[in-house]
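Asker: My structure is in query.cif, and what it holds is mmCIF, C-alpha atoms:
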data_target
loop_
_atom_site.group_PDB
_atom_site.id
_atom_site.type_symbol
_atom_site.label_atom_id
_atom_site.label_comp_id
_atom_site.auth_asym_id
_atom_site.auth_seq_id
_atom_site.Cartn_x
_atom_site.Cartn_y
_atom_site.Cartn_z
ATOM 1 C CA MET L 827 0.000 0.000 0.000
ATOM 2 C CA PRO L 828 1.287 3.536 -0.739
ATOM 3 C CA ALA L 829 2.506 5.730 2.115
ATOM 4 C CA PRO L 830 -0.372 7.268 4.113
ATOM 5 C CA ASP L 831 0.508 10.833 3.073
ATOM 6 C CA ASP L 832 0.452 9.855 -0.607
ATOM 7 C CA LEU L 833 -2.804 7.977 -0.210
ATOM 8 C CA THR L 834 -4.727 10.704 1.609
ATOM 9 C CA GLU L 835 -3.428 13.695 -0.340
ATOM 10 C CA HIS L 836 -6.058 15.349 -2.545
ATOM 11 C CA ARG L 837 -3.803 16.408 -5.409
ATOM 12 C CA ASP L 838 -5.406 18.040 -8.425
ATOM 13 C CA ASN L 839 -4.073 18.059 -11.948
ATOM 14 C CA PRO L 840 -2.315 21.426 -12.427
ATOM 15 C CA GLY L 841 -4.229 22.206 -15.606
ATOM 16 C CA ASP L 842 -2.111 20.502 -18.244
ATOM 17 C CA ASP L 843 -3.511 20.002 -21.736
ATOM 18 C CA ILE L 844 -4.309 16.319 -21.239
ATOM 19 C CA TRP L 845 -6.286 15.612 -24.426
ATOM 20 C CA VAL L 846 -4.334 13.656 -27.042
ATOM 21 C CA HIS L 847 -6.811 14.355 -29.869
ATOM 22 C CA GLY L 848 -8.229 17.641 -28.598
ATOM 23 C CA ARG L 849 -10.870 18.472 -26.035
ATOM 24 C CA PRO L 850 -14.024 16.392 -26.554
ATOM 25 C CA GLU L 851 -17.249 18.058 -27.640
ATOM 26 C CA ALA L 852 -19.905 18.708 -25.025
ATOM 27 C CA ARG L 853 -22.684 16.133 -24.993
ATOM 28 C CA PRO L 854 -25.322 15.108 -22.469
ATOM 29 C CA ILE L 855 -23.995 13.052 -19.556
ATOM 30 C CA GLU L 856 -25.983 9.822 -19.464
ATOM 31 C CA VAL L 857 -26.264 8.076 -16.094
ATOM 32 C CA THR L 858 -28.267 4.856 -16.293
ATOM 33 C CA ASP L 859 -29.555 2.321 -13.784
ATOM 34 C CA TYR L 860 -27.110 -0.394 -12.740
ATOM 35 C CA ASP L 861 -26.774 -3.118 -15.358
ATOM 36 C CA PRO L 862 -26.001 -6.602 -13.977
ATOM 37 C CA ASP L 863 -24.181 -7.363 -17.246
ATOM 38 C CA TRP L 864 -21.408 -4.833 -16.440
ATOM 39 C CA PRO L 865 -19.191 -7.331 -14.542
ATOM 40 C CA ALA L 866 -19.348 -9.746 -17.488
ATOM 41 C CA ARG L 867 -18.344 -6.942 -19.848
ATOM 42 C CA TYR L 868 -15.361 -6.251 -17.608
ATOM 43 C CA GLU L 869 -14.338 -9.906 -17.822
ATOM 44 C CA VAL L 870 -14.392 -9.713 -21.631
ATOM 45 C CA LEU L 871 -12.163 -6.636 -21.475
ATOM 46 C CA ALA L 872 -9.829 -8.173 -18.908
ATOM 47 C CA ALA L 873 -9.320 -11.219 -21.132
ATOM 48 C CA ARG L 874 -8.637 -8.968 -24.127
ATOM 49 C CA ILE L 875 -6.103 -6.866 -22.214
ATOM 50 C CA ARG L 876 -4.328 -9.897 -20.758
ATOM 51 C CA ALA L 877 -4.189 -11.562 -24.173
ATOM 52 C CA ALA L 878 -2.625 -8.427 -25.651
ATOM 53 C CA LEU L 879 -0.109 -7.667 -22.903
ATOM 54 C CA GLY L 880 0.593 -10.996 -21.221
ATOM 55 C CA GLU L 881 3.053 -10.640 -18.345
ATOM 56 C CA ARG L 882 3.212 -6.875 -18.818
ATOM 57 C CA VAL L 883 -0.074 -6.735 -16.881
ATOM 58 C CA LEU L 884 1.045 -6.276 -13.284
ATOM 59 C CA GLU L 885 -2.480 -5.639 -11.954
ATOM 60 C CA LEU L 886 -5.926 -5.286 -13.478
ATOM 61 C CA GLN L 887 -9.157 -4.349 -11.728
ATOM 62 C CA HIS L 888 -12.726 -3.264 -12.425
ATOM 63 C CA ILE L 889 -13.225 0.123 -10.769
ATOM 64 C CA GLY L 890 -15.649 3.018 -10.974
ATOM 65 C CA SER L 891 -19.413 2.992 -10.631
ATOM 66 C CA THR L 892 -20.019 0.036 -12.958
ATOM 67 C CA SER L 893 -18.092 -2.098 -10.438
ATOM 68 C CA VAL L 894 -20.546 -1.303 -7.595
ATOM 69 C CA PRO L 895 -23.748 -3.393 -7.649
ATOM 70 C CA GLY L 896 -26.866 -1.225 -7.580
ATOM 71 C CA LEU L 897 -25.104 2.064 -8.359
ATOM 72 C CA PRO L 898 -26.306 4.039 -11.394
ATOM 73 C CA ALA L 899 -23.471 4.927 -13.739
ATOM 74 C CA LYS L 900 -22.439 6.168 -17.123
ATOM 75 C CA PRO L 901 -22.559 2.911 -19.128
ATOM 76 C CA ILE L 902 -18.781 2.871 -19.518
ATOM 77 C CA ILE L 903 -16.618 0.176 -17.927
ATOM 78 C CA ASP L 904 -13.697 1.686 -15.998
ATOM 79 C CA VAL L 905 -10.598 -0.486 -15.730
ATOM 80 C CA ASP L 906 -7.320 0.150 -13.912
ATOM 81 C CA LEU L 907 -4.244 -1.377 -15.557
ATOM 82 C CA THR L 908 -0.880 -1.350 -13.795
ATOM 83 C CA VAL L 909 2.221 -1.648 -15.989
ATOM 84 C CA ALA L 910 5.895 -1.304 -15.125
ATOM 85 C CA ASP L 911 6.165 2.258 -16.475
ATOM 86 C CA PRO L 912 3.190 4.156 -17.962
ATOM 87 C CA ALA L 913 5.596 6.702 -19.488
ATOM 88 C CA ASP L 914 7.150 3.910 -21.591
ATOM 89 C CA GLU L 915 4.279 3.906 -24.068
ATOM 90 C CA PRO L 916 6.057 1.752 -26.704
ATOM 91 C CA ALA L 917 6.091 -1.102 -24.172
ATOM 92 C CA TYR L 918 2.302 -1.418 -24.088
ATOM 93 C CA LEU L 919 0.489 1.089 -26.296
ATOM 94 C CA PRO L 920 0.955 -0.479 -29.763
ATOM 95 C CA VAL L 921 -0.472 -3.840 -28.711
ATOM 96 C CA LEU L 922 -3.411 -2.189 -26.942
ATOM 97 C CA GLU L 923 -4.084 -0.112 -30.045
ATOM 98 C CA ALA L 924 -4.024 -3.298 -32.110
ATOM 99 C CA ALA L 925 -6.653 -4.691 -29.711
ATOM 100 C CA GLY L 926 -8.952 -1.716 -30.380
ATOM 101 C CA PHE L 927 -7.943 0.753 -27.669
ATOM 102 C CA VAL L 928 -7.267 4.425 -28.490
ATOM 103 C CA LEU L 929 -5.120 6.743 -26.338
ATOM 104 C CA VAL L 930 -7.176 9.824 -25.415
ATOM 105 C CA ILE L 931 -5.505 11.262 -22.281
ATOM 106 C CA ARG L 932 -1.862 11.681 -21.302
ATOM 107 C CA GLU L 933 -1.227 13.147 -17.804
ATOM 108 C CA PRO L 934 2.473 12.890 -16.922
ATOM 109 C CA SER L 935 2.034 15.202 -13.925
ATOM 110 C CA TRP L 936 -0.679 13.009 -12.332
ATOM 111 C CA HIS L 937 0.920 9.631 -11.581
ATOM 112 C CA GLU L 938 1.920 9.314 -15.282
ATOM 113 C CA HIS L 939 -1.720 8.511 -15.973
ATOM 114 C CA ARG L 940 -2.749 7.420 -19.471
ATOM 115 C CA ALA L 941 -6.379 6.807 -20.474
ATOM 116 C CA LEU L 942 -7.531 4.809 -23.463
ATOM 117 C CA LYS L 943 -11.005 4.336 -24.910
ATOM 118 C CA HIS L 944 -12.525 1.179 -26.339
ATOM 119 C CA ALA L 945 -15.817 1.175 -28.245
ATOM 120 C CA ASP L 946 -17.271 -2.309 -27.664
ATOM 121 C CA PRO L 947 -17.787 -2.660 -24.812
ATOM 122 C CA ASN L 948 -17.591 1.060 -24.071
ATOM 123 C CA THR L 949 -14.533 1.405 -21.856
ATOM 124 C CA ASN L 950 -12.162 3.784 -20.111
ATOM 125 C CA LEU L 951 -8.836 2.016 -19.543
ATOM 126 C CA HIS L 952 -6.669 3.851 -16.994
ATOM 127 C CA VAL L 953 -2.947 3.035 -17.016
ATOM 128 C CA PHE L 954 -0.840 3.600 -13.899
ATOM 129 C CA GLY L 955 2.457 2.356 -12.484
ATOM 130 C CA PRO L 956 3.323 0.129 -9.504
ATOM 131 C CA GLY L 957 2.452 1.487 -6.070
ATOM 132 C CA CYS L 958 0.280 4.272 -7.470
ATOM 133 C CA PRO L 959 -1.901 5.717 -4.687
ATOM 134 C CA GLU L 960 -4.765 6.392 -7.111
ATOM 135 C CA VAL L 961 -5.147 2.659 -7.805
ATOM 136 C CA THR L 962 -5.426 1.969 -4.076
ATOM 137 C CA ARG L 963 -7.840 4.880 -3.552
ATOM 138 C CA GLN L 964 -10.157 3.671 -6.309
ATOM 139 C CA ARG L 965 -10.239 0.158 -4.871
ATOM 140 C CA LEU L 966 -10.943 1.492 -1.359
ATOM 141 C CA PHE L 967 -13.734 3.729 -2.687
ATOM 142 C CA ARG L 968 -15.356 0.877 -4.621
ATOM 143 C CA ASP L 969 -15.250 -1.512 -1.663
ATOM 144 C CA TRP L 970 -16.536 1.152 0.744
ATOM 145 C CA LEU L 971 -19.591 1.866 -1.402
ATOM 146 C CA ILE L 972 -20.347 -1.848 -1.678
ATOM 147 C CA GLU L 973 -20.253 -2.160 2.124
ATOM 148 C CA HIS L 974 -21.936 1.176 3.067
ATOM 149 C CA PRO L 975 -25.370 1.665 1.465
ATOM 150 C CA ASP L 976 -25.854 5.131 2.985
ATOM 151 C CA ASP L 977 -22.755 6.460 1.232
ATOM 152 C CA LEU L 978 -23.724 4.612 -1.936
ATOM 153 C CA ALA L 979 -27.010 6.540 -1.858
ATOM 154 C CA ARG L 980 -25.183 9.853 -1.252
ATOM 155 C CA TYR L 981 -22.867 9.197 -4.149
ATOM 156 C CA ARG L 982 -25.754 8.127 -6.391
ATOM 157 C CA ASP L 983 -27.528 11.411 -5.694
ATOM 158 C CA ALA L 984 -24.321 13.380 -6.323
ATOM 159 C CA LYS L 985 -23.832 11.624 -9.654
ATOM 160 C CA LEU L 986 -27.367 12.364 -10.809
ATOM 161 C CA ARG L 987 -27.049 16.036 -9.798
ATOM 162 C CA ALA L 988 -23.663 16.313 -11.487
ATOM 163 C CA ALA L 989 -24.985 14.781 -14.712
ATOM 164 C CA ALA L 990 -27.920 17.194 -14.798
ATOM 165 C CA GLU L 991 -25.746 20.248 -14.007
ATOM 166 C CA THR L 992 -23.092 19.310 -16.567
ATOM 167 C CA THR L 993 -25.628 18.631 -19.304
ATOM 168 C CA THR L 994 -27.491 21.883 -18.605
ATOM 169 C CA SER L 995 -24.292 23.951 -18.669
ATOM 170 C CA GLY L 996 -22.912 22.269 -21.797
ATOM 171 C CA GLY L 997 -19.924 20.820 -19.958
ATOM 172 C CA ILE L 998 -17.831 17.701 -20.567
ATOM 173 C CA VAL L 999 -16.935 14.704 -18.438
ATOM 174 C CA THR L 1000 -14.209 16.560 -16.517
ATOM 175 C CA ASP L 1001 -16.869 19.083 -15.437
ATOM 176 C CA TYR L 1002 -19.106 16.196 -14.364
ATOM 177 C CA ASN L 1003 -16.259 14.824 -12.249
ATOM 178 C CA ARG L 1004 -15.653 18.243 -10.684
ATOM 179 C CA HIS L 1005 -19.328 18.537 -9.676
ATOM 180 C CA LYS L 1006 -19.107 15.181 -7.855
ATOM 181 C CA GLU L 1007 -15.801 15.946 -6.176
ATOM 182 C CA PRO L 1008 -17.014 17.418 -2.841
ATOM 183 C CA VAL L 1009 -19.022 14.295 -2.015
ATOM 184 C CA ILE L 1010 -16.204 12.029 -3.191
ATOM 185 C CA ARG L 1011 -13.735 13.807 -0.909
ATOM 186 C CA GLU L 1012 -16.108 13.552 2.069
ATOM 187 C CA ILE L 1013 -16.444 9.815 1.525
ATOM 188 C CA TYR L 1014 -12.683 9.424 1.110
ATOM 189 C CA ASP L 1015 -12.117 11.219 4.399
ATOM 190 C CA LYS L 1016 -14.442 8.708 6.104
ATOM 191 C CA ILE L 1017 -12.534 5.834 4.491
ATOM 192 C CA PHE L 1018 -9.143 7.210 5.536
ATOM 193 C CA ARG L 1019 -10.305 7.786 9.120
ATOM 194 C CA GLU L 1020 -11.707 4.251 9.285
ATOM 195 C CA GLN L 1021 -8.321 2.971 8.060
ATOM 196 C CA GLY L 1022 -6.476 5.053 10.669
ATOM 197 C CA LEU L 1023 -4.792 7.143 7.987
ATOM 198 C CA LEU L 1024 -6.068 10.539 9.229
#
Would you mind writing the file's structure down as structure tokens?
Answerer:
Amino acid sequence: MPAPDDLTEHRDNPGDDIWVHGRPEARPIEVTDYDPDWPARYEVLAARIRAALGERVLELQHIGSTSVPGLPAKPIIDVDLTVADPADEPAYLPVLEAAGFVLVIREPSWHEHRALKHADPNTNLHVFGPGCPEVTRQRLFRDWLIEHPDDLARYRDAKLRAAAETTTSGGIVTDYNRHKEPVIREIYDKIFREQGLL
């Protein structure tokens, strides 16, 4: 597990131009009821990623709202992939592109994060390196929501509000995420206190 200070630090991206192919166009944010087929779609993706990368996959996990039973979500499967060095794109990117993934975000200043899209099933593949605190945070958040229905309900309501506000204002997904952030941080603080990290 990462050091407590790294894990509990709320560090924002400093405003880099992260979009590989330009900023996406504004479109309505669609949040749908939980689909029990989402875990099976993740398994299809996991098999595809492992077939492409083999031993270069150090860790793979289903994260985000589609990994939490009963939680409404954008119908996009979020996957965390850990590789030896996300900055070494030639080591993993060409084979993922051959498997149908497209690099859309490059964030060297935020844990060397890379994000790729896949169309079928609709996917966000997040690439991080070993010991990345964000990977641990996402797993803790997912497991907490599964085990704490009151916070699941709070987060559900925050997601629905954020989707409506972002769609009304003509924003994009990063605006949607920013609208949800206060509730996310409150839940993280509860998680960290429960873990004895604060």
Asker: For region 933-944 of chain L, find every residue with an atom within 7 Å (counting only C-alpha atoms), except residues of its own chain fewer than 2 positions away, and show them as a PyMOL selection string.
Answerer: chain L and resi 839+844+912-913+926-931+946-954+958
Asker: Name the residues that the PyMOL selection byres ((chain L and resi 875) around 12) picks from the file above, as number ranges by chain, using the file's chain letters and numbers.
Answerer: L: 868-874, 876-887, 905-909, 918-919, 921-927, 942, 944, 949, 951-953
Asker: In Å, how far is it from CA of Arg932 (chain L) to CA of Trp970 (chain L)?
Answerer: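 Answer for the CA of Arg932 (chain L) to CA of Trp970 (chain L) separation: 28.5 Å.
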Asker: Pick the closest to Glu835 (chain L) from L:Pro959, L:Gln1021, L:Ala852, L:Val999: which is it, counting all atoms listed in the file?
Answerer: L:Pro959
Asker: The PyMOL selection byres ((chain L and resi 1003-1014) around 10) on the file shown: which residues, as a PyMOL selection string?
Answerer: chain L and resi 834+836+963-964+966-967+970-971+977-978+980-989+991-992+998-1002+1015-1020
Asker: Please write the residues from the selection above to a file, keeping C-alpha atoms, as a tab-separated table (two decimals), in the coordinates of the input.
Answerer:
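Just written: out_35.tsv:
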chain	number	residue	atom	x	y	z
L	834	THR	CA	-4.73	10.70	1.61
L	836	HIS	CA	-6.06	15.35	-2.54
L	963	ARG	CA	-7.84	4.88	-3.55
L	964	GLN	CA	-10.16	3.67	-6.31
L	966	LEU	CA	-10.94	1.49	-1.36
L	967	PHE	CA	-13.73	3.73	-2.69
L	970	TRP	CA	-16.54	1.15	0.74
L	971	LEU	CA	-19.59	1.87	-1.40
L	977	ASP	CA	-22.76	6.46	1.23
L	978	LEU	CA	-23.72	4.61	-1.94
L	980	ARG	CA	-25.18	9.85	-1.25
L	981	TYR	CA	-22.87	9.20	-4.15
L	982	ARG	CA	-25.75	8.13	-6.39
L	983	ASP	CA	-27.53	11.41	-5.69
L	984	ALA	CA	-24.32	13.38	-6.32
L	985	LYS	CA	-23.83	11.62	-9.65
L	986	LEU	CA	-27.37	12.36	-10.81
L	987	ARG	CA	-27.05	16.04	-9.80
L	988	ALA	CA	-23.66	16.31	-11.49
L	989	ALA	CA	-24.98	14.78	-14.71
L	991	GLU	CA	-25.75	20.25	-14.01
L	992	THR	CA	-23.09	19.31	-16.57
L	998	ILE	CA	-17.83	17.70	-20.57
L	999	VAL	CA	-16.93	14.70	-18.44
L	1000	THR	CA	-14.21	16.56	-16.52
L	1001	ASP	CA	-16.87	19.08	-15.44
L	1002	TYR	CA	-19.11	16.20	-14.36
L	1015	ASP	CA	-12.12	11.22	4.40
L	1016	LYS	CA	-14.44	8.71	6.10
L	1017	ILE	CA	-12.53	5.83	4.49
L	1018	PHE	CA	-9.14	7.21	5.54
L	1019	ARG	CA	-10.30	7.79	9.12
L	1020	GLU	CA	-11.71	4.25	9.28
Asker: Near Pro862 (chain L), counting all atoms listed in the file, which residues have an atom at most 10 Å away, once you skip same-chain residues fewer than 6 positions from it, shown as a PDB file with C-alpha atoms, in the coordinates of the input?
Answerer:
ATOM      1  CA  THR L 892     -20.019   0.036 -12.958  1.00  0.00           C
ATOM      2  CA  SER L 893     -18.092  -2.098 -10.438  1.00  0.00           C
ATOM      3  CA  VAL L 894     -20.546  -1.303  -7.595  1.00  0.00           C
ATOM      4  CA  PRO L 895     -23.748  -3.393  -7.649  1.00  0.00           C
ATOM      5  CA  GLY L 896     -26.866  -1.225  -7.580  1.00  0.00           C
TER       6      GLY L 896
END
Asker: Mind pulling up the distance from CA of Ala945 (chain L) to CA of Arg853 (chain L)?
Answerer: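 A separation of 16.8 Å between them.
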Asker: Could you please determine the separation between CA of Tyr860 (chain L) and CA of Val961 (chain L) in Å, to one decimal place?
Answerer: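 Straight-line distance from CA of Tyr860 (chain L) to CA of Val961 (chain L) works out to 22.7 Å.
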Asker: Considering only C-alpha atoms, can you say which of L:Gly955, L:Val846, L:Gly996, L:Ile903 comes closest to Ala866 (chain L)?
Answerer: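 Closest candidate: L:Ile903.
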Asker: Using all atoms of region 928-944 of chain L listed in the file and a margin of 3 Å per side, can you give the axis-aligned box centre and edge lengths in Å to one decimal, as lines of an AutoDock Vina configuration file?
Answerer:
center_x = -5.0
center_y = 8.2
center_z = -20.0
size_x = 21.0
size_y = 20.0
size_z = 22.9
